[in-house]
>>> print(open('structure27.tsv').read())   # TSV, C-alpha atoms and all ligand atoms
chain	number	residue	atom	x	y	z
A	1	MET	CA	0.00	0.00	0.00
A	2	SER	CA	1.31	3.46	-0.82
A	3	SER	CA	2.61	5.52	2.08
A	4	GLN	CA	0.33	8.31	0.83
A	5	ILE	CA	-2.58	6.44	2.44
A	6	VAL	CA	-1.31	7.76	5.77
A	7	ASN	CA	-1.51	11.35	4.62
A	8	PRO	CA	-3.87	11.59	1.65
A	9	ALA	CA	-3.78	15.37	1.45
A	10	ALA	CA	0.02	15.73	1.63
A	11	VAL	CA	-0.44	18.69	-0.71
A	12	PRO	CA	-3.42	20.64	0.65
A	13	GLY	CA	-6.45	20.00	-1.48
A	14	ARG	CA	-4.80	17.27	-3.56
A	15	PHE	CA	-5.56	13.56	-3.42
A	16	GLY	CA	-2.82	12.15	-5.62
A	17	PRO	CA	-3.42	13.95	-8.93
A	18	TYR	CA	-7.07	14.71	-8.08
A	19	GLY	CA	-8.76	17.64	-6.37
A	20	GLY	CA	-7.23	21.09	-6.61
A	21	ARG	CA	-8.82	24.46	-7.26
A	22	TYR	CA	-9.85	25.04	-10.89
A	23	VAL	CA	-11.99	28.16	-10.71
A	24	PRO	CA	-12.23	31.61	-12.33
A	25	GLU	CA	-10.11	34.42	-10.80
A	26	THR	CA	-13.17	35.90	-9.08
A	27	LEU	CA	-13.51	32.80	-6.90
A	28	MET	CA	-9.84	32.48	-5.93
A	29	VAL	CA	-9.88	35.11	-3.16
A	30	PRO	CA	-13.13	33.85	-1.56
A	31	LEU	CA	-11.75	30.31	-1.59
A	32	PHE	CA	-8.49	31.44	0.05
A	33	GLU	CA	-10.55	33.29	2.69
A	34	LEU	CA	-12.64	30.21	3.29
A	35	GLU	CA	-9.57	27.99	3.59
A	36	ARG	CA	-8.00	30.36	6.12
A	37	ALA	CA	-11.22	30.62	8.14
A	38	TYR	CA	-11.59	26.84	8.16
A	39	GLU	CA	-7.96	26.30	9.27
A	40	LEU	CA	-8.54	28.71	12.18
A	41	ALA	CA	-11.86	27.06	13.10
A	42	LYS	CA	-10.27	23.62	13.06
A	43	ALA	CA	-7.74	24.70	15.68
A	44	ASP	CA	-10.23	26.75	17.71
A	45	ALA	CA	-11.44	24.91	20.82
A	46	ALA	CA	-14.53	27.14	21.15
A	47	PHE	CA	-15.59	26.41	17.54
A	48	GLN	CA	-15.05	22.68	17.98
A	49	SER	CA	-16.98	22.64	21.23
A	50	GLU	CA	-19.90	24.49	19.64
A	51	PHE	CA	-19.83	22.11	16.64
A	52	HIS	CA	-19.83	18.98	18.80
A	53	GLY	CA	-22.44	20.49	21.13
A	54	LEU	CA	-24.83	20.99	18.20
A	55	LEU	CA	-24.08	17.53	16.81
A	56	LYS	CA	-25.09	16.11	20.17
A	57	ASN	CA	-27.95	18.29	21.33
A	58	PHE	CA	-29.45	19.50	18.04
A	59	ALA	CA	-28.72	16.69	15.58
A	60	GLY	CA	-28.87	13.75	18.03
A	61	ARG	CA	-25.36	12.25	17.90
A	62	PRO	CA	-23.96	9.74	18.54
A	63	THR	CA	-26.10	7.67	16.19
A	64	ALA	CA	-26.67	4.00	16.96
A	65	LEU	CA	-24.64	1.17	15.45
A	66	GLN	CA	-27.37	-1.44	15.19
A	67	PHE	CA	-26.87	-5.16	14.66
A	68	ALA	CA	-29.20	-6.08	11.77
A	69	SER	CA	-30.04	-9.59	12.98
A	70	ARG	CA	-32.82	-10.44	10.52
A	71	LEU	CA	-30.97	-9.05	7.51
A	72	THR	CA	-27.90	-11.01	8.65
A	73	ALA	CA	-29.99	-14.20	8.92
A	74	HIS	CA	-31.69	-13.53	5.59
A	75	LEU	CA	-28.40	-13.11	3.70
A	76	GLY	CA	-26.79	-16.01	5.55
A	77	GLY	CA	-23.23	-14.64	5.31
A	78	PRO	CA	-21.58	-11.71	7.07
A	79	ARG	CA	-22.64	-10.17	10.38
A	80	ILE	CA	-24.17	-6.82	9.41
A	81	TYR	CA	-24.27	-3.63	11.45
A	82	LEU	CA	-26.08	-0.49	10.32
A	83	LYS	CA	-24.70	2.95	11.18
A	84	ARG	CA	-27.99	4.75	11.74
A	85	GLU	CA	-27.42	8.21	10.23
A	86	ASP	CA	-31.10	8.03	9.23
A	87	LEU	CA	-31.96	8.70	12.87
A	88	LEU	CA	-30.40	12.16	12.86
A	89	HIS	CA	-32.48	15.33	12.98
A	90	THR	CA	-33.73	16.07	9.42
A	91	GLY	CA	-33.23	12.41	8.45
A	92	ALA	CA	-29.76	12.07	6.91
A	93	HIS	CA	-26.04	12.53	7.46
A	94	LYS	CA	-26.17	15.87	5.61
A	95	ILE	CA	-26.88	17.72	8.87
A	96	ASN	CA	-23.34	16.98	10.20
A	97	ASN	CA	-21.74	19.06	7.46
A	98	ALA	CA	-24.47	21.70	7.45
A	99	ILE	CA	-23.90	22.38	11.15
A	100	GLY	CA	-20.13	22.70	10.67
A	101	GLN	CA	-20.37	25.04	7.69
A	102	GLY	CA	-23.29	27.02	9.15
A	103	LEU	CA	-21.12	27.81	12.19
A	104	LEU	CA	-18.23	28.71	9.88
A	105	GLY	CA	-20.50	31.10	7.97
A	106	VAL	CA	-21.38	32.84	11.24
A	107	LYS	CA	-17.70	32.99	12.22
A	108	MET	CA	-16.91	34.62	8.85
A	109	GLY	CA	-19.62	37.22	9.48
A	110	LYS	CA	-21.90	36.18	6.60
A	111	PRO	CA	-25.62	36.77	7.25
A	112	ARG	CA	-26.77	34.76	4.20
A	113	ILE	CA	-26.11	31.23	3.01
A	114	VAL	CA	-26.70	29.66	-0.38
A	115	ALA	CA	-26.81	25.93	-0.99
A	116	GLU	CA	-27.58	23.48	-3.76
A	117	THR	CA	-29.53	20.29	-3.30
A	118	GLY	CA	-30.33	17.12	-5.23
A	119	ALA	CA	-32.38	14.81	-3.03
A	120	GLY	CA	-33.34	17.79	-0.91
A	121	GLN	CA	-31.67	16.43	2.23
A	122	HIS	CA	-28.78	18.87	2.05
A	123	GLY	CA	-31.23	21.68	1.28
A	124	VAL	CA	-33.32	20.74	4.31
A	125	ALA	CA	-30.19	20.47	6.48
A	126	SER	CA	-29.00	23.90	5.27
A	127	ALA	CA	-32.43	25.50	5.82
A	128	THR	CA	-32.54	23.92	9.27
A	129	ILE	CA	-29.17	25.22	10.46
A	130	ALA	CA	-29.87	28.61	8.88
A	131	ALA	CA	-33.10	28.90	10.87
A	132	HIS	CA	-31.35	27.71	14.02
A	133	LEU	CA	-28.55	30.27	13.65
A	134	GLY	CA	-30.75	33.10	12.34
A	135	LEU	CA	-29.30	33.23	8.82
A	136	GLU	CA	-31.05	33.95	5.52
A	137	CYS	CA	-31.06	30.86	3.28
A	138	VAL	CA	-31.49	30.37	-0.49
A	139	VAL	CA	-31.45	26.82	-1.91
A	140	TYR	CA	-31.02	26.06	-5.63
A	141	MET	CA	-32.63	22.84	-6.85
A	142	GLY	CA	-33.16	21.38	-10.33
A	143	THR	CA	-36.84	21.29	-11.26
A	144	GLU	CA	-36.58	17.55	-12.07
A	145	ASP	CA	-35.44	17.01	-8.45
A	146	MET	CA	-38.11	19.38	-7.08
A	147	ALA	CA	-40.74	17.13	-8.65
A	148	ARG	CA	-39.33	13.86	-7.34
A	149	GLN	CA	-38.47	15.17	-3.86
A	150	ALA	CA	-41.48	17.42	-3.33
A	151	LEU	CA	-41.74	16.72	0.39
A	152	ASN	CA	-38.29	18.21	0.97
A	153	VAL	CA	-39.22	21.33	-1.01
A	154	SER	CA	-42.13	21.89	1.40
A	155	ARG	CA	-39.87	21.28	4.39
A	156	MET	CA	-37.32	23.87	3.20
A	157	ARG	CA	-40.06	26.46	2.66
A	158	MET	CA	-41.57	25.75	6.09
A	159	LEU	CA	-38.11	26.40	7.58
A	160	GLY	CA	-38.07	29.84	5.93
A	161	ALA	CA	-35.69	29.10	3.04
A	162	GLN	CA	-36.26	30.38	-0.47
A	163	VAL	CA	-36.16	27.45	-2.91
A	164	VAL	CA	-35.13	28.52	-6.42
A	165	GLY	CA	-35.97	26.07	-9.22
A	166	VAL	CA	-33.24	25.56	-11.84
A	167	GLU	CA	-34.43	24.87	-15.38
A	168	ALA	CA	-30.99	24.61	-17.01
A	169	GLY	CA	-29.35	21.43	-18.33
A	170	SER	CA	-30.67	18.17	-16.95
A	171	ARG	CA	-32.44	20.13	-14.16
A	172	THR	CA	-30.61	18.12	-11.47
A	173	LEU	CA	-27.76	18.53	-8.98
A	174	LYS	CA	-25.00	19.70	-11.37
A	175	ASP	CA	-27.21	22.52	-12.64
A	176	ALA	CA	-28.16	23.51	-9.08
A	177	ILE	CA	-24.45	23.75	-8.14
A	178	ASN	CA	-23.80	26.03	-11.14
A	179	GLU	CA	-26.56	28.41	-10.02
A	180	ALA	CA	-25.47	28.40	-6.37
A	181	MET	CA	-21.91	29.25	-7.47
A	182	ARG	CA	-23.20	32.09	-9.64
A	183	ASP	CA	-25.14	33.50	-6.69
A	184	TRP	CA	-22.08	33.18	-4.45
A	185	VAL	CA	-19.81	35.06	-6.88
A	186	THR	CA	-22.39	37.82	-7.22
A	187	ASN	CA	-23.01	38.25	-3.48
A	188	ILE	CA	-19.65	37.29	-2.09
A	189	ARG	CA	-19.47	39.93	0.66
A	190	THR	CA	-22.66	38.83	2.40
A	191	THR	CA	-22.91	35.19	1.39
A	192	TYR	CA	-21.49	31.86	2.49
A	193	TYR	CA	-21.71	28.94	0.02
A	194	LEU	CA	-22.70	25.81	1.98
A	195	LEU	CA	-21.70	23.00	-0.42
A	196	GLY	CA	-23.27	19.65	0.44
A	197	SER	CA	-20.75	16.99	-0.55
A	198	VAL	CA	-17.03	16.31	-0.95
A	199	LEU	CA	-17.05	18.11	-4.30
A	200	GLY	CA	-15.94	21.44	-5.70
A	201	ALA	CA	-12.69	23.34	-5.30
A	202	HIS	CA	-10.37	23.12	-2.29
A	203	PRO	CA	-11.08	23.44	0.65
A	204	TYR	CA	-14.56	21.92	0.21
A	205	PRO	CA	-13.66	18.22	-0.31
A	206	THR	CA	-11.36	18.24	2.74
A	207	MET	CA	-13.60	20.39	4.92
A	208	VAL	CA	-16.80	18.44	4.19
A	209	ARG	CA	-14.93	15.16	4.82
A	210	ASP	CA	-13.68	16.48	8.16
A	211	PHE	CA	-17.20	17.46	9.24
A	212	GLN	CA	-18.55	14.03	8.19
A	213	SER	CA	-15.71	11.94	9.60
A	214	VAL	CA	-17.49	11.83	12.97
A	215	ILE	CA	-19.47	8.95	11.41
A	216	GLY	CA	-16.45	6.67	11.08
A	217	ARG	CA	-14.88	7.71	14.39
A	218	GLU	CA	-18.06	6.76	16.23
A	219	ALA	CA	-18.56	3.56	14.23
A	220	ARG	CA	-14.96	2.44	14.91
A	221	ASP	CA	-15.35	2.91	18.68
A	222	GLN	CA	-18.78	1.27	18.64
A	223	ILE	CA	-17.74	-1.86	16.73
A	224	LEU	CA	-14.62	-2.30	18.87
A	225	ALA	CA	-16.76	-2.02	22.01
A	226	THR	CA	-19.38	-4.49	20.74
A	227	GLU	CA	-17.46	-7.03	18.65
A	228	ARG	CA	-13.94	-6.44	20.01
A	229	ARG	CA	-12.53	-6.39	16.47
A	230	LEU	CA	-12.44	-4.18	13.43
A	231	PRO	CA	-14.97	-4.75	10.66
A	232	THR	CA	-13.83	-6.64	7.57
A	233	HIS	CA	-15.93	-4.47	5.24
A	234	LEU	CA	-17.48	-1.01	5.09
A	235	TYR	CA	-20.33	-0.25	2.69
A	236	ALA	CA	-21.74	3.13	1.71
A	237	CYS	CA	-23.47	4.71	-1.27
A	238	VAL	CA	-21.55	7.35	-3.22
A	239	GLY	CA	-23.14	10.41	-4.79
A	240	GLY	CA	-20.49	13.11	-4.34
A	241	GLY	CA	-19.18	10.81	-1.66
A	242	SER	CA	-19.62	12.58	1.71
A	243	ASN	CA	-21.34	9.83	3.70
A	244	ALA	CA	-18.94	7.23	2.29
A	245	ILE	CA	-15.76	9.17	3.08
A	246	GLY	CA	-17.31	10.12	6.44
A	247	LEU	CA	-17.44	6.41	7.29
A	248	PHE	CA	-14.20	5.37	5.56
A	249	HIS	CA	-11.88	8.07	6.86
A	250	ALA	CA	-11.32	6.68	10.36
A	251	PHE	CA	-10.44	3.28	8.86
A	252	LEU	CA	-8.09	4.44	6.06
A	253	GLN	CA	-4.99	3.20	7.85
A	254	ASP	CA	-6.56	-0.14	8.84
A	255	THR	CA	-5.58	-1.87	5.62
A	256	SER	CA	-7.41	-5.07	6.62
A	257	VAL	CA	-10.71	-3.19	6.36
A	258	LYS	CA	-12.14	-3.36	2.82
A	259	MET	CA	-14.05	-0.24	1.82
A	260	VAL	CA	-16.79	-0.51	-0.78
A	261	GLY	CA	-18.55	2.47	-2.35
A	262	ILE	CA	-21.76	1.89	-4.29
A	263	GLU	CA	-22.65	4.15	-7.19
A	264	ALA	CA	-25.84	4.51	-9.19
A	265	GLY	CA	-26.00	2.04	-12.09
A	266	GLY	CA	-29.35	3.48	-13.17
A	267	ARG	CA	-31.02	1.79	-16.15
A	268	GLY	CA	-27.97	0.50	-18.05
A	269	THR	CA	-24.31	0.84	-18.93
A	270	GLU	CA	-24.68	3.33	-21.84
A	271	LEU	CA	-23.61	6.92	-21.24
A	272	GLY	CA	-26.66	8.87	-20.10
A	273	GLU	CA	-28.29	5.88	-18.40
A	274	HIS	CA	-26.24	5.81	-15.18
A	275	ALA	CA	-24.08	7.79	-12.76
A	276	ALA	CA	-21.29	5.19	-12.31
A	277	ARG	CA	-18.15	7.29	-12.52
A	278	LEU	CA	-15.91	4.44	-11.39
A	279	GLY	CA	-17.79	1.60	-13.05
A	280	ILE	CA	-15.53	1.02	-16.07
A	281	ALA	CA	-14.67	-2.54	-14.98
A	282	GLN	CA	-18.40	-3.34	-14.88
A	283	GLY	CA	-18.83	-1.95	-18.39
A	284	TYR	CA	-20.29	1.47	-17.50
A	285	THR	CA	-19.10	3.84	-20.20
A	286	GLY	CA	-18.13	7.47	-20.35
A	287	ALA	CA	-15.99	8.27	-17.30
A	288	ARG	CA	-12.46	9.64	-17.46
A	289	PRO	CA	-10.52	12.23	-15.50
A	290	GLY	CA	-11.56	15.81	-16.14
A	291	ILE	CA	-12.57	18.99	-14.36
A	292	LEU	CA	-16.05	19.73	-13.14
A	293	GLN	CA	-17.11	22.56	-10.84
A	294	GLY	CA	-13.62	23.34	-9.58
A	295	THR	CA	-12.13	19.89	-9.03
A	296	TYR	CA	-10.15	17.35	-11.06
A	297	THR	CA	-11.70	13.89	-10.78
A	298	TYR	CA	-13.49	11.16	-12.74
A	299	VAL	CA	-16.22	12.81	-14.78
A	300	LEU	CA	-18.85	11.29	-17.07
A	301	GLN	CA	-18.32	12.97	-20.44
A	302	ASN	CA	-18.72	12.35	-24.13
A	303	ALA	CA	-15.84	11.98	-26.63
A	304	ASP	CA	-15.64	15.79	-27.01
A	305	GLY	CA	-15.37	16.35	-23.27
A	306	GLN	CA	-18.95	17.61	-22.89
A	307	ILE	CA	-20.40	16.72	-19.49
A	308	ALA	CA	-22.78	13.81	-19.97
A	309	ALA	CA	-26.37	13.54	-18.82
A	310	THR	CA	-26.81	11.06	-15.98
A	311	HIS	CA	-29.67	8.96	-14.74
A	312	SER	CA	-30.48	7.50	-11.35
A	313	ILE	CA	-33.76	6.79	-9.64
A	314	SER	CA	-32.08	8.39	-6.66
A	315	ALA	CA	-31.67	12.17	-6.90
A	316	GLY	CA	-28.79	12.18	-4.41
A	317	LEU	CA	-26.62	9.89	-6.56
A	318	ASP	CA	-27.48	11.52	-9.90
A	319	TYR	CA	-24.30	13.54	-10.56
A	320	PRO	CA	-21.62	13.20	-13.29
A	321	ALA	CA	-18.50	13.55	-11.06
A	322	ILE	CA	-17.26	11.82	-7.92
A	323	GLY	CA	-15.44	13.45	-5.00
A	324	PRO	CA	-11.68	13.63	-5.77
A	325	GLU	CA	-10.63	11.64	-2.70
A	326	HIS	CA	-12.70	8.69	-3.96
A	327	ALA	CA	-11.04	8.96	-7.40
A	328	TRP	CA	-7.69	8.65	-5.67
A	329	LEU	CA	-8.76	5.82	-3.33
A	330	ALA	CA	-10.02	3.93	-6.40
A	331	ASP	CA	-6.75	4.43	-8.32
A	332	GLU	CA	-4.79	3.30	-5.24
A	333	ARG	CA	-7.10	0.31	-4.87
A	334	ARG	CA	-7.62	1.27	-1.23
A	335	ALA	CA	-11.38	1.36	-1.84
A	336	GLU	CA	-13.50	-0.54	-4.34
A	337	TYR	CA	-16.47	0.87	-6.21
A	338	ALA	CA	-19.39	-0.93	-7.83
A	339	ALA	CA	-22.65	0.17	-9.38
A	340	ILE	CA	-26.18	-1.02	-8.61
A	341	SER	CA	-29.24	-0.67	-10.85
A	342	ASP	CA	-32.39	1.29	-10.05
A	343	ASP	CA	-34.35	-1.96	-9.80
A	344	ALA	CA	-31.89	-3.63	-7.43
A	345	ALA	CA	-31.95	-0.54	-5.18
A	346	LEU	CA	-35.77	-0.60	-5.05
A	347	ALA	CA	-35.76	-4.30	-4.15
A	348	ALA	CA	-33.16	-3.69	-1.43
A	349	ALA	CA	-35.27	-0.88	0.07
A	350	ARG	CA	-38.18	-3.28	0.39
A	351	LEU	CA	-35.92	-5.98	1.83
A	352	LEU	CA	-34.60	-3.69	4.57
A	353	ALA	CA	-38.10	-2.44	5.37
A	354	ARG	CA	-39.36	-6.00	5.82
A	355	THR	CA	-36.40	-7.55	7.62
A	356	GLU	CA	-35.42	-4.69	9.91
A	357	GLY	CA	-38.42	-2.35	10.05
A	358	ILE	CA	-36.41	0.50	8.52
A	359	ILE	CA	-37.41	2.28	5.30
A	360	PRO	CA	-34.14	3.59	3.87
A	361	ALA	CA	-33.54	6.56	1.57
A	362	LEU	CA	-33.17	5.46	-2.05
A	363	GLU	CA	-29.51	6.50	-1.91
A	364	SER	CA	-28.82	4.25	1.09
A	365	ALA	CA	-30.80	1.45	-0.58
A	366	HIS	CA	-28.02	1.31	-3.21
A	367	ALA	CA	-25.50	0.42	-0.48
A	368	ILE	CA	-27.81	-2.31	0.80
A	369	ALA	CA	-28.23	-3.70	-2.71
A	370	GLY	CA	-24.45	-3.69	-3.14
A	371	LEU	CA	-24.11	-5.80	0.00
A	372	VAL	CA	-26.93	-8.14	-1.05
A	373	ASP	CA	-25.07	-8.66	-4.32
A	374	ARG	CA	-21.77	-9.61	-2.67
A	375	ALA	CA	-23.03	-11.42	0.45
A	376	PRO	CA	-22.96	-14.85	-1.26
A	377	GLN	CA	-19.18	-14.52	-1.72
A	378	MET	CA	-18.68	-13.57	1.94
A	379	THR	CA	-18.41	-15.78	5.03
A	380	LYS	CA	-19.86	-15.84	8.52
A	381	ASP	CA	-16.54	-14.46	9.80
A	382	ASP	CA	-17.02	-11.30	7.79
A	383	LEU	CA	-18.19	-8.28	9.73
A	384	VAL	CA	-19.84	-5.41	7.84
A	385	ILE	CA	-20.67	-1.85	8.79
A	386	LEU	CA	-23.12	-0.36	6.31
A	387	ASN	CA	-23.78	3.37	6.45
A	388	LEU	CA	-27.51	3.95	6.41
A	389	SER	CA	-27.14	7.53	5.22
A	390	GLY	CA	-30.79	8.55	5.36
A	391	ARG	CA	-34.42	7.60	5.89
A	392	GLY	CA	-36.96	6.95	3.18
A	393	ASP	CA	-39.73	9.43	4.01
A	394	LYS	CA	-38.71	11.67	1.08
A	395	ASP	CA	-38.91	8.70	-1.31
A	396	MET	CA	-42.36	7.40	-0.36
A	397	ASP	CA	-43.94	8.69	-3.59
A	398	THR	CA	-41.39	6.74	-5.66
A	399	TYR	CA	-41.75	3.64	-3.49
A	400	SER	CA	-45.52	3.64	-3.64
A	401	ARG	CA	-45.50	4.20	-7.40
A	402	LEU	CA	-42.92	1.53	-8.22
A	403	LEU	CA	-43.21	-1.17	-5.58
A	501	LIG	C1	-29.75	10.14	2.22
A	501	LIG	C2	-28.65	10.46	1.28
A	501	LIG	N1	-27.63	9.59	1.16
A	501	LIG	C3	-26.60	9.81	0.31
A	501	LIG	C4	-26.58	10.94	-0.49
A	501	LIG	C5	-25.43	11.12	-1.45
A	501	LIG	O1	-24.55	12.13	-1.08
A	501	LIG	P1	-23.10	11.81	-0.57
A	501	LIG	O2	-22.48	10.89	-1.57
A	501	LIG	O3	-22.42	13.12	-0.51
A	501	LIG	O4	-23.21	11.16	0.77
A	501	LIG	C6	-27.61	11.89	-0.40
A	501	LIG	C7	-27.60	13.10	-1.23
A	501	LIG	O5	-28.49	13.87	-1.29
A	501	LIG	C8	-28.67	11.64	0.51
A	501	LIG	O6	-29.70	12.47	0.63
>>> encode(input="structure27.tsv", output="structure tokens", more="lines below")
Ligand SMILES: Cc1ncc(COP(=O)(O)O)c(C=O)c1O
Amino acid sequence: MSSQIVNPAAVPGRFGPYGGRYVPETLMVPLFELERAYELAKADAAFQSEFHGLLKNFAGRPTALQFASRLTAHLGGPRIYLKREDLLHTGAHKINNAIGQGLLGVKMGKPRIVAETGAGQHGVASATIAAHLGLECVVYMGTEDMARQALNVSRMRMLGAQVVGVEAGSRTLKDAINEAMRDWVTNIRTTYYLLGSVLGAHPYPTMVRDFQSVIGREARDQILATERRLPTHLYACVGGGSNAIGLFHAFLQDTSVKMVGIEAGGRGTELGEHAARLGIAQGYTGARPGILQGTYTYVLQNADGQIAATHSISAGLDYPAIGPEHAWLADERRAEYAAISDDAALAAARLLARTEGIIPALESAHAIAGLVDRAPQMTKDDLVILNLSGRGDKDMDTYSRLL
């Protein structure tokens, strides 16, 4: 294993060749300011204490690490534990990062935050922390996503946020990020951009990972306390990759722990039918390194380098690029990535509901389907932690229509 595993960001903002800061001049100064503010906050005991206080008393951490006994029995292979991020306030892991960045916005003296959202969970988390801290909040959301995640649109509005529909492009997450960035550049003096995943220019991929890495730190302590050994496998779904890296990060140096990220295989392997940026080995076409929204990573693109359309039943996984740290972990073979179809994810959601009494978010259902797929090749000695990144309330329309 490369020694870089020990210190993935040896060059700040770089993960091997990936990451970096590829933005127009107008964004350079704000990004430097943000990096400086984040470095100070990281070392500031008062900031850290406020962050962890809100994680505990507002969001509901620590989350449970639950032994999934009936799912374990049903699959007949590995012992399976679920990291219950779905139990957090607002219903997904997104609140961890929103609290961290919301506090940073206040520290930087910004009265207004802008955010993008796909599945709506990051939008709801941003609207929630904005209300809690007394900040103005504007959330950009593709109109395709507004239709399929209507409940979360209502929640954001109830929390006092302005939700702006984005009609451009495929009307999904990528287009929402473009609009949020445009707003940020225009209103830079008053506005903090609260990005929702490990995407975008430095410092976002590092900062968002740091705010989410509480997931893995807790899970590591919990599994050692319960099972007295490290897990053999970690499973998580990967949109931009924040819940996955949040779980993986505390285990990066434990090379015996296999880390598996599950992407959206959508309806098929043709470009336009999926969002599997690291699925080349499985035959998913169209991904190669390129730059999207400030970072160098694997990007789904056509032969001319135009960003490709993507498809996933799950709005939160429907994005043409993957967080740069995942690109690097894949190249290093420290983590493995596989894609799961829309249909397999739906079936896995029903399976979890009926074996464990938990309706998962469609995004998290991809991770479950990935485990279902591989369980037959695993043994009873294998020990899995699967990150249940969110709950399924927002997806009930899709579930009732398709199941
Ligand atoms: C519940 C849930 N899980 C996972 C994701 C994917 O994001 P990420 O890969 O950053 O964890 C989302 C995105 O909206 C989500 O809502």
>>> residues_near_ligand(input="structure27.tsv", ligand="ligand LIG 501 (chain A)", cutoff="8 Å", atoms="only C-alpha atoms and all ligand atoms", output="PyMOL selection string")
chain A and resi 86+91-94+117-122+196-198+237-244+315-317+361-364+388-392
>>> atom_distance(input="structure27.tsv", atom1="CA of Leu352 in chain A", atom2="CA of Arg267 in chain A")
21.7 Å
>>> residues_around(input="structure27.tsv", residues="range 95-104 of chain A", least_positions_apart="3", cutoff="8 Å", atoms="all atoms listed in the file", output="ChimeraX atom specification")
/A:37-38,41,47,51,54-55,59,88-90,92,107-108,113,122,125-126,129-130,133,194,196,208,211-212
>>> atom_distance(input="structure27.tsv", atom1="CA of Leu199 in chain A", atom2="CA of Ala176 in chain A")
13.2 Å
>>> residues_around(input="structure27.tsv", residues="Ala147 in chain A", least_positions_apart="2", cutoff="12 Å", atoms="all atoms listed in the file", output="NGL selection string")
:A and (118-120 or 141-145 or 149-154 or 165-166 or 171-172 or 315 or 394-395 or 397-398)
>>> residues_around(input="structure27.tsv", residues="Leu402 in chain A", least_positions_apart="5", cutoff="10 Å", atoms="all atoms listed in the file", output="ChimeraX atom specification")
/A:343,346,396-397
>>> atom_distance(input="structure27.tsv", atom1="CA of Thr310 in chain A", atom2="CA of Gly272 in chain A")
4.7 Å
>>> axis_aligned_box(input="structure27.tsv", around="range 338-356 of chain A", padding_each_side="3 Å", output="lines of an AutoDock Vina configuration file")
center_x = -29.4
center_y = -3.1
center_z = -0.5
size_x = 26.0
size_y = 14.8
size_z = 26.8
>>> residues_around(input="structure27.tsv", residues="range 25-32 of chain A", least_positions_apart="2", cutoff="8 Å", atoms="only C-alpha atoms", output="PDB file with C-alpha atoms, in the coordinates of the input")
ATOM      1  CA  VAL A  23     -11.990  28.160 -10.710  1.00  0.00           C
ATOM      2  CA  LEU A  34     -12.640  30.210   3.290  1.00  0.00           C
ATOM      3  CA  GLU A  35      -9.570  27.990   3.590  1.00  0.00           C
ATOM      4  CA  ARG A  36      -8.000  30.360   6.120  1.00  0.00           C
ATOM      5  CA  VAL A 185     -19.810  35.060  -6.880  1.00  0.00           C
ATOM      6  CA  ILE A 188     -19.650  37.290  -2.090  1.00  0.00           C
ATOM      7  CA  ALA A 201     -12.690  23.340  -5.300  1.00  0.00           C
ATOM      8  CA  HIS A 202     -10.370  23.120  -2.290  1.00  0.00           C
ATOM      9  CA  PRO A 203     -11.080  23.440   0.650  1.00  0.00           C
TER      10      PRO A 203
END
>>> residues_around(input="structure27.tsv", residues="range 321-332 of chain A", least_positions_apart="3", cutoff="9 Å", atoms="all atoms listed in the file", output="VMD selection string")
chain A and resid 1 to 2 5 8 to 9 14 to 20 174 197 to 200 205 to 206 238 to 242 244 to 245 261 275 to 278 287 289 to 292 295 to 300 335 to 337
>>> closest_residue(input="structure27.tsv", among="A:His249, A:Arg157, A:His311, A:His233", to="Glu270 in chain A", atoms="all atoms listed in the file")
A:His311
